Structure formats: C-alpha cells, structure tokens
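Notes follow once the structure below has been shown.
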There are 2 protein chains.
Amino acid sequence: MANPERISKRNAIRQENERLILSAAEKVFAEAGFGGATMQLIADMAGLPKANLHYYFPTKEALYREVVRQIFNIWLHAADSFDAAPGPVEGIGAYIDAKMEISRRHPEGSKVWASEVMHGAPVIQDYLETTLRDWTTGRAALIQRWIDEGKMAPVDPRHLLYMLWATTQHYADFGHQIETLNGGKALSDKQWQEAKESVKAVILRGIGAG
Amino acid sequence: MANPERISKRNAIRQENERLILSAAEKVFAEAGFGGATMQLIADMAGLPKANLHYYFPTKEALYREVVRQIFNIWLHAADSFDAAPGPVEGIGAYIDAKMEISRRHPEGSKVWASEVMHGAPVIQDYLETTLRDWTTGRAALIQRWIDEGKMAPVDPRHLLYMLWATTQHYADFGHQIETLNGGKALSDKQWQEAKESVKAVILRGIGAG
DNA sequence: CCACAACCTGACCAACCGGTCAACAAAATT
DNA sequence: AATTTTGTTGACCGGTTGGTCAGGTTGTGG
C-alpha cells in the first residue's frame with residue numbers, strides 16, 4: 001500500500017504542475033479578468049497543453065476559485081500582526097506595512113480579488129458572508145476598545161478598516177496608473193518606502209495616534 | 001441645406017439611442033468586465049437589436065472607449081472644487097465630498113475605470129499619459145504650495161492624492177463588499193454621510209489641517 | 001411627390017471558446 | 001513482469017461571440 005505523504009515522483013509532478021497552472025492563472029485572470037481570460041492562454045503561459053489543465057482543474061471556474069482562495073488566505077495571515085499589538089500605533093502600523101508588502105509582492109492576486117468583488121463576487125460570496133464578516137467584526141471591536149481606552153480618536157472602526165484596505169490595495173490594483181504617473185517607471189525601493197511612510201503618517205495622525 | 005444643430009427628429013433619435021446604448025454599456029461593462037460583456041446583452045438591456053449597436057458604434061472596443069471617456073470627464077469636473085479653495089480644509093474637503101458623491105451616484109463608471117486601469121489601461125493609456133498626468137502635476141504643486149505656506153503638514157502630495165482616490169473610489173468599486181459587510185443592505189443616507197465624515201476627519205486631521 | 005440619405009434589423013458567418021474523449025505513456029503496485 | 005493507476009495529449013464538438021450585409025423603412029430637402 002502506498003503512503004500518500006511520501007515524496008513520490010507522482011506527488012512531485014502533481015504539485016509542480018498545479019503550482020505552474022495556478023501561477024499562470026493568477027497572472028492571466030489579473031490581466032484579462034475572468035471573462036477575458038482563456039484556458040488556452042493560461043495553458044501556454046504554464047507551458048502545458050490545454051487538456052492537461054482540465055485534468056487538474058475540471059472547469060475554468062474551479063481553477064479561478066482556487067486562485068481566489070489562495071489570495072484570501074494570504075490576506076488573512078496579514079492580519080496576524082494586528083492582533084498581538086498593544087495599541088493602534090503598533091497594530092495598525094504593522095497592518096499597513098504588511099498589506100503594502102502584499103501589494104508589492106502579489107499585485108496580481110490583489111487585482112483578481114478586486115475584479116471578483118467589483119463584479120458582485122459571484123464565486124466567493126460565501127467567503128464574504130462568513131470568514132470576512134467575522135474577521136471584520138472582530139477587528140472593529142478591537143479598534144473600538146482602543147477608542148474606549150483613549151488610545152486613539154473616536155473614528156468609526158468599519159470606515160477606518162475600509163480606508164486601510166483601500167489605500168494599501170490601491171498600490172496593487174492601480175499600480176499601472178501609479179507607474180504611468182511616475183514617468184512610466186515602476187516604484188523604486190525608496191519610493192515604496194515613502195509610500196508606506198506617507199500612508200502610515202496620514203492614517204496614524206488621522207486617528208490621533210501618531 | 002440642413003442645420004446640424006437644429007432639433008430634428010433624426011437628431012433626437014440619434015441622441016436618444018446613443019444615450020440608451022452608452023447607459024446600458026456602462027452597466028454591463030461594470031458588471032462583467034470588457035471580456036465578459038457581450039454586445040447581445042448590452043443590446044437587450046438597451047432594448048435595441050444587436051445590429052443597431054454596430055450602426056452607432058462600429059466595434060465593441062469603440063463603444064467601450066466612449067464609455068470610459070465619459071467617466072473620465074466626470075472625474076475631471078469633480079476637481080473644480082479643488083481649485084478655487086483658499087486652503088486644504090476647503091479644497092481637499094470639497095474634493096472628498098465630490099468624489100464620494102460620484103462614487104454613490106455613478107458606481108458603474110468607477111468600476112469600469114478601475115477595471116480598465118487594472119488590466120493595464122489598454123484603451124486609455126493616452127489619457128493617463130496626457131490629461132491625467134498634467135492634472136496630477138498641477139494639483140501636486142498646489143498641495144506643495146499649501147505645505148510651504150504652513151497650511152498643512154508636509155506630506156508627499158502624490159501619495160496624498162493616491163489616498164484620496166483610493167478611499168473615495170473604494171466605496172464604488174468595492175460597494176458590493178461593503179454592502180455585504182453591512183448585513184446585505186446598501187448604505188443608507190445616514191451611513192453615506194458617516195462615511196464621508198469619517199474619511200474627511202481622518203484625512204484632514206492626518207494632514208494636520210483638521 | 002420624388003429622390004436621396006439616414007436609420008433599422010433578421011439572418012448569417014468565420015473565429016473562438018470551454019470542455020470532452022479516446023488513445024497512449026509513465027509510474028506504482030502486486 | 002504483469003496489471004492497475006495516474007498522468008498526457010491531439011483532435012474534436014456544440015455553443016457563443018463580434019461583426020457583416022442585403023434589403024427594407026423612415027425622415028428630409030428640393
């Protein structure tokens with residue numbers, strides 16, 4: 001009997017191919033949207049025949065759903081820094097850092113998520129109504145606690161969260177616009193640092209915690 | 001010889017049909033993206049036969065381009081309030097008000113623009129490089145002047161503009177997510193007011209002008 | 001009332017799409 | 001070494017898409 005955990009050649013092939021496909025799919029979905037993306041293009045980018053994609057992922061939607069699921073998990077992890085913080089300066093500051101870093105390293109993922117939500121979240125509505133809603137409620141309560149303890153100005157916690165999401169993800173979703181306004185050049189390390197500091201400065205001072 | 005400015009029946013028909021098509025197209029492009037939108041669906045929503053669409057707009061891309069152009073013009077107008085202002089509180093405050101109002105009244109347009117930019121602005125790259133770049137440079141200079149005059153804290157003007165765009169457009173682009181987190185109900189008048197005030201409060205205090 | 005131009009539209013088409021499948025190759029199990 | 005399971009792929013299919021077009025209708029200027 002085979003041990004499914006063992007590093008067999010089969011397992012290696014499967015893992016590698018799924019990785020190739022998901023990586024290519026993320027890029028194509030981000031660039032063309034769900035409707036504009038084609039399985040053929042994803043296959044070409046992954047270096048595999050199209051029929052092979054349907055062996056690993058039965059439908060286009062199943063592949064798409066898996067891409068979105070991965071992104072969502074990355075974002076949930078980014079909030080870990082939020083939790084253990086003693087106050088808004090550390091907590092929100094670290095959260096901004098983490099989300100800006102994701103926008104820089106995973107801009108395609110952010111775009112796929114944005115596209116999905118903009119089109120009414122046809123595929124991940126359940127995530128919004130369960131995991132994301134719970135997450136948001138929890139963090140809003142934490143922010144409210146900080147307000148009650150006088151650690152920051154009284155700002156509606158939910159609208160503050162929306163501001164954090166909007167500003168940080170903007171650098172991924174609208175990266176092309178920012179790049180164009182930057183003379184057609186991608187932001188340098190220094191410019192990314194400035195962006196991060198600018199966002200943190202305005203937000204933290206804006207909530208009276210700077 | 002016909003006077004082209006006269007209100008003829010022909011002119012009225014043309015204007016009305018173009019209006020119908022553009023309105024339907026904006027909605028469909030926003031909901032499905034360029035790739036996911038179909039001429040047939042736009043035609044059905046406009047109440048016209050598909051072939052009629054191609055009479056007024058030769059290709060899908062031409063129709064799309066016109067939709068984006070209209071949105072862009074609305075946004076440029078929103079910045080008028082920015083100009084005549086004596087300082088950041090009035091100028092930026094009014095700009096936030098105007099952009100939040102657009103997000104509320106024209107969410108479809110905002111989504112189409114976001115989609116276009118996210119996909120690398122294949123159709124409106126020239127707008128970004130000319131009109132938008134000039135606009136941005138001008139406002140950045142105005143903000144810098146306010147900083148030099150001591151009317152606000154020294155914040156990188158461009159990153160501040162990005163924050164303004166991000167936070168205000170978020171309420172349109174991610175409206176579905178916000179609605180879901182609001183218990184599945186669209187924001188009420190009062191909630192929109194709170195959103196506007198929250199954004200203004202954090203930003204204006206954040207730039208040391210609140 | 002006539003002739004011309006603008007407008008309208010059902011029917012049609014080539015191209016492309018997601019998905020299927022049969023035949024085959026490689027690896028694992030017995 | 002035989003057999004079964006898993007992975008691979010070119011060829012193919014029904015359905016949909018953007019776009020065309022011929023032939024008709026309606027409005028307009030002379």
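Each chain in the structure tokens gets a letter, A, B and so on, in the order shown; residues start at 1 in every chain, and ligands are counted from 1 in the order they appear.
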Report as CSV the residues of chain C within 8 Å of chain A, each with its shortest atom pair and distance in Å (one decimal), using only C-alpha atoms (C1' of nucleotides), ordered by chain and increasing residue number.
```
residue,atom,partner,partner_atom,distance
C:DC17,C1',A:Thr38,CA,7.7
C:DG18,C1',A:Lys60,CA,7.6
C:DG19,C1',A:Thr59,CA,7.7
C:DA27,C1',A:Arg10,CA,7.4
C:DT29,C1',A:Met1,CA,7.5
```
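Residues with any atom within 12 Å of DA14 (chain C), counting only C-alpha atoms (C1' of nucleotides) and excluding same-chain neighbours fewer than 6 positions away, are D:DT17, D:DG18, D:DG19, D:DT20.
With CA of Gly33 (chain B) on one side and CA of Glu18 (chain B) on the other, the separation reads 20.2 Å.
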Could you please tell me, as a PyMOL selection string, which residues of chain D have an atom within 12 Å of chain A when using only C-alpha atoms (C1' of nucleotides)?
chain D and resi 5-11
Go through chain A and flag each residue having an atom no more than 8 Å from chain B; for those, report the closest pair of atoms plus their distance in Å to one decimal, using only C-alpha atoms, ordered by chain and rising number, as JSON lines.
```
{"residue": "A:Ala30", "atom": "CA", "partner": "B:His119", "partner_atom": "CA", "distance": 7.0}
{"residue": "A:Glu31", "atom": "CA", "partner": "B:His119", "partner_atom": "CA", "distance": 4.8}
{"residue": "A:Ala32", "atom": "CA", "partner": "B:His119", "partner_atom": "CA", "distance": 6.1}
{"residue": "A:Gly33", "atom": "CA", "partner": "B:Gly33", "partner_atom": "CA", "distance": 6.9}
{"residue": "A:Phe34", "atom": "CA", "partner": "B:Gly36", "partner_atom": "CA", "distance": 7.2}
{"residue": "A:Gly35", "atom": "CA", "partner": "B:Gly36", "partner_atom": "CA", "distance": 4.0}
{"residue": "A:Gly36", "atom": "CA", "partner": "B:Gly35", "partner_atom": "CA", "distance": 4.0}
{"residue": "A:Ala37", "atom": "CA", "partner": "B:Gly35", "partner_atom": "CA", "distance": 7.7}
{"residue": "A:Lys111", "atom": "CA", "partner": "B:Met118", "partner_atom": "CA", "distance": 6.6}
{"residue": "A:Ala114", "atom": "CA", "partner": "B:Phe174", "partner_atom": "CA", "distance": 7.5}
{"residue": "A:Ser115", "atom": "CA", "partner": "B:Ser115", "partner_atom": "CA", "distance": 7.1}
{"residue": "A:Val117", "atom": "CA", "partner": "B:Phe174", "partner_atom": "CA", "distance": 6.2}
{"residue": "A:Met118", "atom": "CA", "partner": "B:Asp173", "partner_atom": "CA", "distance": 5.6}
{"residue": "A:His119", "atom": "CA", "partner": "B:Glu31", "partner_atom": "CA", "distance": 4.8}
{"residue": "A:Gly120", "atom": "CA", "partner": "B:His176", "partner_atom": "CA", "distance": 5.9}
{"residue": "A:Ala121", "atom": "CA", "partner": "B:His176", "partner_atom": "CA", "distance": 7.6}
{"residue": "A:Leu128", "atom": "CA", "partner": "B:Thr180", "partner_atom": "CA", "distance": 6.9}
{"residue": "A:Glu129", "atom": "CA", "partner": "B:Thr180", "partner_atom": "CA", "distance": 6.6}
{"residue": "A:Arg133", "atom": "CA", "partner": "B:Leu181", "partner_atom": "CA", "distance": 5.8}
{"residue": "A:Thr136", "atom": "CA", "partner": "B:Leu181", "partner_atom": "CA", "distance": 7.9}
{"residue": "A:Val155", "atom": "CA", "partner": "B:Ser198", "partner_atom": "CA", "distance": 6.5}
{"residue": "A:Asp156", "atom": "CA", "partner": "B:Ser198", "partner_atom": "CA", "distance": 6.7}
{"residue": "A:His159", "atom": "CA", "partner": "B:Ala195", "partner_atom": "CA", "distance": 6.2}
{"residue": "A:Leu160", "atom": "CA", "partner": "B:Ser198", "partner_atom": "CA", "distance": 7.6}
{"residue": "A:Tyr162", "atom": "CA", "partner": "B:Thr167", "partner_atom": "CA", "distance": 7.5}
{"residue": "A:Met163", "atom": "CA", "partner": "B:Thr167", "partner_atom": "CA", "distance": 5.4}
{"residue": "A:Ala166", "atom": "CA", "partner": "B:Ala166", "partner_atom": "CA", "distance": 5.2}
{"residue": "A:Thr167", "atom": "CA", "partner": "B:Ala166", "partner_atom": "CA", "distance": 5.3}
{"residue": "A:His170", "atom": "CA", "partner": "B:Ala166", "partner_atom": "CA", "distance": 5.7}
{"residue": "A:Asp173", "atom": "CA", "partner": "B:Met118", "partner_atom": "CA", "distance": 5.6}
{"residue": "A:Phe174", "atom": "CA", "partner": "B:Met118", "partner_atom": "CA", "distance": 5.8}
{"residue": "A:Gly175", "atom": "CA", "partner": "B:Met118", "partner_atom": "CA", "distance": 7.5}
{"residue": "A:His176", "atom": "CA", "partner": "B:Gly120", "partner_atom": "CA", "distance": 5.9}
{"residue": "A:Gln177", "atom": "CA", "partner": "B:Val117", "partner_atom": "CA", "distance": 6.4}
{"residue": "A:Thr180", "atom": "CA", "partner": "B:Glu129", "partner_atom": "CA", "distance": 6.6}
{"residue": "A:Leu181", "atom": "CA", "partner": "B:Arg133", "partner_atom": "CA", "distance": 5.8}
{"residue": "A:Ala195", "atom": "CA", "partner": "B:His159", "partner_atom": "CA", "distance": 6.3}
{"residue": "A:Ser198", "atom": "CA", "partner": "B:Val155", "partner_atom": "CA", "distance": 6.5}
{"residue": "A:Val199", "atom": "CA", "partner": "B:His159", "partner_atom": "CA", "distance": 7.5}
{"residue": "A:Ala201", "atom": "CA", "partner": "B:Gly206", "partner_atom": "CA", "distance": 7.2}
{"residue": "A:Val202", "atom": "CA", "partner": "B:Gly206", "partner_atom": "CA", "distance": 4.2}
{"residue": "A:Ile203", "atom": "CA", "partner": "B:Gly206", "partner_atom": "CA", "distance": 5.8}
{"residue": "A:Leu204", "atom": "CA", "partner": "B:Gly206", "partner_atom": "CA", "distance": 7.1}
{"residue": "A:Arg205", "atom": "CA", "partner": "B:Gly206", "partner_atom": "CA", "distance": 4.7}
{"residue": "A:Gly206", "atom": "CA", "partner": "B:Gly206", "partner_atom": "CA", "distance": 3.6}
{"residue": "A:Ile207", "atom": "CA", "partner": "B:Val202", "partner_atom": "CA", "distance": 5.9}
{"residue": "A:Gly208", "atom": "CA", "partner": "B:Arg205", "partner_atom": "CA", "distance": 7.8}
```
Could you pull out the residues in region 31-210 of chain B that DSSP calls helix (DSSP H, G or I) from the backbone, as JSON, numbers by chain?
{"B": [31, 32, 33, 34, 35, 36, 39, 40, 41, 42, 43, 44, 45, 46, 50, 51, 52, 53, 54, 55, 56, 60, 61, 62, 63, 64, 65, 66, 67, 68, 69, 70, 71, 72, 73, 74, 75, 76, 77, 78, 80, 81, 82, 83, 88, 89, 90, 91, 92, 93, 94, 95, 96, 97, 98, 99, 100, 101, 102, 103, 104, 105, 107, 108, 109, 110, 111, 112, 113, 114, 115, 116, 117, 118, 125, 126, 127, 128, 129, 130, 131, 132, 133, 134, 135, 136, 137, 138, 139, 140, 141, 142, 143, 144, 145, 146, 147, 148, 157, 158, 159, 160, 161, 162, 163, 164, 165, 166, 167, 168, 169, 170, 171, 172, 173, 175, 176, 177, 178, 179, 180, 181, 189, 190, 191, 192, 193, 194, 195, 196, 197, 198, 199, 200, 201, 202, 203, 204, 205, 206]}
